[in-house]
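Printed here is work_18.cif (mmCIF, C-alpha atoms):
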```
data_target
#
loop_
_atom_site.group_PDB
_atom_site.id
_atom_site.type_symbol
_atom_site.label_atom_id
_atom_site.label_comp_id
_atom_site.auth_asym_id
_atom_site.auth_seq_id
_atom_site.Cartn_x
_atom_site.Cartn_y
_atom_site.Cartn_z
ATOM 1 C CA MET N 1 38.591 80.950 -93.458
ATOM 2 C CA SER N 2 39.777 83.567 -90.996
ATOM 3 C CA ASN N 3 39.362 83.262 -87.244
ATOM 4 C CA GLU N 4 37.512 86.575 -87.378
ATOM 5 C CA SER N 5 34.818 84.937 -89.527
ATOM 6 C CA LEU N 6 34.373 82.238 -86.897
ATOM 7 C CA LYS N 7 33.703 84.611 -84.010
ATOM 8 C CA GLY N 8 30.354 83.844 -82.490
ATOM 9 C CA HIS N 9 30.076 80.512 -84.314
ATOM 10 C CA LEU N 10 32.927 78.417 -82.943
ATOM 11 C CA ASP N 11 30.961 77.130 -79.946
ATOM 12 C CA ALA N 12 28.156 75.801 -82.128
ATOM 13 C CA LEU N 13 30.631 74.230 -84.551
ATOM 14 C CA ILE N 14 32.426 72.395 -81.743
ATOM 15 C CA LEU N 15 29.187 71.230 -80.140
ATOM 16 C CA ALA N 16 27.890 69.976 -83.500
ATOM 17 C CA ALA N 17 31.152 68.171 -84.236
ATOM 18 C CA ILE N 18 30.858 66.025 -81.109
ATOM 19 C CA GLU N 19 27.099 66.020 -80.679
ATOM 20 C CA HIS N 20 26.765 62.303 -81.504
ATOM 21 C CA GLN N 21 30.294 61.041 -80.928
ATOM 22 C CA PRO N 22 32.678 62.276 -78.226
ATOM 23 C CA ALA N 23 36.220 63.076 -79.340
ATOM 24 C CA HIS N 24 39.561 64.450 -78.217
ATOM 25 C CA GLY N 25 40.767 67.861 -79.359
ATOM 26 C CA TYR N 26 42.732 66.818 -82.429
ATOM 27 C CA ALA N 27 39.858 64.603 -83.624
ATOM 28 C CA ILE N 28 37.509 67.586 -83.269
ATOM 29 C CA ILE N 29 39.874 69.665 -85.418
ATOM 30 C CA GLU N 30 39.938 66.893 -88.031
ATOM 31 C CA ARG N 31 36.154 66.486 -87.933
ATOM 32 C CA LEU N 32 35.592 70.212 -88.461
ATOM 33 C CA ARG N 33 38.081 70.237 -91.336
ATOM 34 C CA ALA N 34 36.467 67.202 -92.988
ATOM 35 C CA ARG N 35 32.870 68.333 -92.542
ATOM 36 C CA SER N 36 33.655 71.776 -93.930
ATOM 37 C CA ALA N 37 35.643 70.429 -96.905
ATOM 38 C CA GLY N 38 38.715 72.196 -95.532
ATOM 39 C CA ALA N 39 37.091 75.581 -94.917
ATOM 40 C CA PHE N 40 37.629 75.247 -91.157
ATOM 41 C CA ASP N 41 41.301 74.387 -90.745
ATOM 42 C CA LEU N 42 41.613 75.407 -87.114
ATOM 43 C CA GLN N 43 44.702 75.439 -84.952
ATOM 44 C CA GLU N 44 44.991 73.825 -81.528
ATOM 45 C CA GLY N 45 45.400 77.314 -80.063
ATOM 46 C CA THR N 46 41.871 78.087 -81.246
ATOM 47 C CA ILE N 47 40.163 74.835 -80.258
ATOM 48 C CA TYR N 48 41.584 74.040 -76.818
ATOM 49 C CA PRO N 49 40.719 77.357 -75.146
ATOM 50 C CA ALA N 50 37.193 77.019 -76.569
ATOM 51 C CA LEU N 51 36.895 73.438 -75.278
ATOM 52 C CA HIS N 52 37.984 74.517 -71.803
ATOM 53 C CA ARG N 53 35.561 77.450 -71.828
ATOM 54 C CA LEU N 54 32.656 75.254 -72.989
ATOM 55 C CA GLU N 55 33.472 72.792 -70.226
ATOM 56 C CA ARG N 56 33.519 75.575 -67.611
ATOM 57 C CA LEU N 57 30.107 76.689 -68.905
ATOM 58 C CA GLY N 58 28.736 73.165 -68.441
ATOM 59 C CA LEU N 59 28.126 72.615 -72.170
ATOM 60 C CA LEU N 60 30.821 69.931 -72.410
ATOM 61 C CA GLU N 61 32.199 67.347 -70.060
ATOM 62 C CA SER N 62 35.400 65.378 -70.396
ATOM 63 C CA ASP N 63 37.044 62.173 -69.293
ATOM 64 C CA TRP N 64 40.485 60.745 -69.823
ATOM 65 C CA SER N 65 40.963 57.797 -72.170
ATOM 66 C CA ILE N 66 43.918 55.942 -73.585
ATOM 67 C CA GLU N 67 44.102 55.635 -77.374
ATOM 68 C CA ALA N 68 47.061 54.013 -79.109
ATOM 69 C CA GLY N 69 48.965 54.173 -75.829
ATOM 70 C CA ARG N 70 48.358 57.911 -75.427
ATOM 71 C CA LYS N 71 46.361 59.506 -72.655
ATOM 72 C CA ARG N 72 43.813 61.937 -74.115
ATOM 73 C CA ARG N 73 40.973 64.049 -72.798
ATOM 74 C CA VAL N 74 37.759 63.121 -74.599
ATOM 75 C CA TYR N 75 34.965 65.692 -74.719
ATOM 76 C CA SER N 76 31.232 65.030 -74.947
ATOM 77 C CA VAL N 77 28.187 67.282 -75.037
ATOM 78 C CA THR N 78 26.117 67.620 -71.863
ATOM 79 C CA THR N 79 22.330 67.901 -71.733
ATOM 80 C CA THR N 80 22.766 71.656 -71.325
ATOM 81 C CA GLY N 81 25.105 71.628 -74.320
ATOM 82 C CA HIS N 82 22.502 69.856 -76.471
ATOM 83 C CA LYS N 83 19.931 72.493 -75.526
ATOM 84 C CA SER N 84 22.385 75.277 -76.285
ATOM 85 C CA LEU N 85 23.220 73.745 -79.670
ATOM 86 C CA ALA N 86 19.533 73.510 -80.600
ATOM 87 C CA LYS N 87 19.103 77.190 -79.724
ATOM 88 C CA GLN N 88 22.235 78.182 -81.660
ATOM 89 C CA ARG N 89 21.039 76.234 -84.693
ATOM 90 C CA GLN N 90 17.741 78.113 -84.682
ATOM 91 C CA GLU N 91 19.525 81.444 -84.274
ATOM 92 C CA TRP N 92 21.840 80.520 -87.171
ATOM 93 C CA ARG N 93 18.905 79.674 -89.431
ATOM 94 C CA THR N 94 17.288 83.031 -88.704
ATOM 95 C CA PHE N 95 20.555 84.926 -89.143
ATOM 96 C CA SER N 96 21.613 83.168 -92.343
ATOM 97 C CA LYS N 97 18.150 83.552 -93.875
ATOM 98 C CA GLY N 98 18.309 87.296 -93.173
ATOM 99 C CA VAL N 99 21.835 87.652 -94.549
ATOM 100 C CA ASP N 100 20.923 85.665 -97.650
ATOM 101 C CA ALA N 101 17.848 87.844 -98.226
ATOM 102 C CA VAL N 102 19.939 91.016 -98.001
ATOM 103 C CA LEU N 103 22.734 89.704 -100.217
ATOM 104 C CA GLN N 104 20.276 88.420 -102.815
ATOM 105 C CA GLY N 105 18.347 91.709 -102.807
ATOM 106 C CA ALA N 106 15.043 90.173 -101.649
ATOM 107 C CA LEU N 107 12.363 92.577 -100.462
#
```
As structure tokens:
Amino acid sequence: MSNESLKGHLDALILAAIEHQPAHGYAIIERLRARSAGAFDLQEGTIYPALHRLERLGLLESDWSIEAGRKRRVYSVTTTGHKSLAKQRQEWRTFSKGVDAVLQGAL
């Protein structure tokens, strides 16, 4: 799937990917790829700027951890991030229902 198709949805996808289990950047990429059956095969250059922006906005927070001898920044969703994700989910439902109705030719 093209990066253009993801515009406006990447934040919600990242928040949903770590909503219940914090993760480092590469694990988030892997989670998105697995959950989407390969449709979202994102590059680090797409994910890391988004993670940093979401952290600046207060939707994510991060801490350093050591996994397999490597120091990694692990991201988790803040209370504000959970609220934002709930709102984005509702907006997505409304949007996708409308798109589906138009594409299916519903009145």
- Query: Can you tell me, as a PyMOL selection string, what residues are no more than 10 Å from Leu6 in chain N when counting all atoms listed in the file, ignoring any on the same chain fewer than 6 positions away?
  - Reply: chain N and resi 13+40+42
Contacts of range 80-87 of chain N within 7 Å, only C-alpha atoms, excl. fewer than 5 positions in-chain, as a short mmCIF file (atom, residue, chain, number, x, y, z; two decimals) with C-alpha atoms, keeping the file's coordinate frame:
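New file around_16.cif:
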```
data_model
loop_
_atom_site.label_atom_id
_atom_site.label_comp_id
_atom_site.auth_asym_id
_atom_site.auth_seq_id
_atom_site.Cartn_x
_atom_site.Cartn_y
_atom_site.Cartn_z
CA ALA N 12 28.16 75.80 -82.13
CA LEU N 15 29.19 71.23 -80.14
CA GLY N 58 28.74 73.17 -68.44
CA LEU N 59 28.13 72.61 -72.17
CA LEU N 60 30.82 69.93 -72.41
#
```
- Query: Please, which residues are within 7 Å of (38.0, 79.5, -84.7) by the file's coordinates, counting all atoms listed in the file, and could they come as a list in words?
  - Reply: Asn3, Leu6, Lys7, Leu10, Leu42, Thr46 and Ile47 of chain N
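Using all atoms listed in the file, the nearest neighbour of Ile29 in chain N within the list N:Thr78, N:Tyr48, N:Asp11, N:Lys97 is N:Tyr48.
The space separating CA of Arg53 in chain N from CA of Ser76 in chain N comes to 13.5 Å.
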- Quick one: pull the distance between CA of Gln90 in chain N and CA of Gln21 in chain N, Å, one decimal. 21.5 Å
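Using all atoms listed in the file, the shortest contact distance between Tyr26 in chain N and any of N:Asp63, N:His9, N:Arg72, N:His52 is found at N:Arg72.
Here CA of Val77 in chain N and CA of Pro22 in chain N stand 7.4 Å from one another.
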Could you give me the centre and size, in Å to one decimal, of an axis-aligned box around all listed atoms of range 67-85 of chain N with 3 Å added on every side, as AutoDock Vina command-line options?
```
--center_x 34.4 --center_y 64.6 --center_z -75.5 --size_x 35.0 --size_y 27.3 --size_z 14.3
```
- Could you tell me which of N:Leu103, N:Leu51, N:Leu32, N:Ala23 comes closest to Ser65 in chain N if we count all atoms listed in the file? N:Ala23
Complete the atom set of range 76-87 of chain N to N, CA, C and O atoms and return it as a compact mmCIF listing (two decimals), in the coordinates of the input.
```txt
# COMPACT_ATOMS: atom_id res chain seq x y z
N SER N 76 32.58 65.38 -74.50
CA SER N 76 31.23 65.03 -74.95
C SER N 76 30.28 66.15 -74.55
O SER N 76 30.55 66.93 -73.63
N VAL N 77 29.17 66.22 -75.25
CA VAL N 77 28.19 67.28 -75.04
C VAL N 77 27.26 66.90 -73.89
O VAL N 77 26.75 65.78 -73.83
N THR N 78 27.03 67.83 -72.98
CA THR N 78 26.12 67.62 -71.86
C THR N 78 24.68 67.89 -72.31
O THR N 78 24.44 68.39 -73.41
N THR N 79 23.73 67.59 -71.45
CA THR N 79 22.33 67.90 -71.73
C THR N 79 22.17 69.40 -71.97
O THR N 79 21.49 69.82 -72.91
N THR N 80 22.81 70.20 -71.15
CA THR N 80 22.77 71.66 -71.32
C THR N 80 23.39 72.04 -72.66
O THR N 80 22.90 72.95 -73.35
N GLY N 81 24.45 71.36 -73.04
CA GLY N 81 25.10 71.63 -74.32
C GLY N 81 24.21 71.31 -75.50
O GLY N 81 24.18 72.04 -76.49
N HIS N 82 23.44 70.21 -75.40
CA HIS N 82 22.50 69.86 -76.47
C HIS N 82 21.42 70.93 -76.62
O HIS N 82 21.05 71.30 -77.73
N LYS N 83 20.94 71.43 -75.49
CA LYS N 83 19.93 72.49 -75.53
C LYS N 83 20.51 73.77 -76.13
O LYS N 83 19.86 74.44 -76.94
N SER N 84 21.73 74.10 -75.75
CA SER N 84 22.38 75.28 -76.28
C SER N 84 22.60 75.14 -77.79
O SER N 84 22.37 76.10 -78.54
N LEU N 85 23.00 73.97 -78.25
CA LEU N 85 23.22 73.74 -79.67
C LEU N 85 21.92 73.90 -80.45
O LEU N 85 21.90 74.53 -81.51
N ALA N 86 20.83 73.37 -79.93
CA ALA N 86 19.53 73.51 -80.60
C ALA N 86 19.16 74.99 -80.74
O ALA N 86 18.70 75.43 -81.80
N LYS N 87 19.40 75.76 -79.68
CA LYS N 87 19.10 77.19 -79.72
C LYS N 87 20.01 77.90 -80.73
O LYS N 87 19.54 78.73 -81.52
```
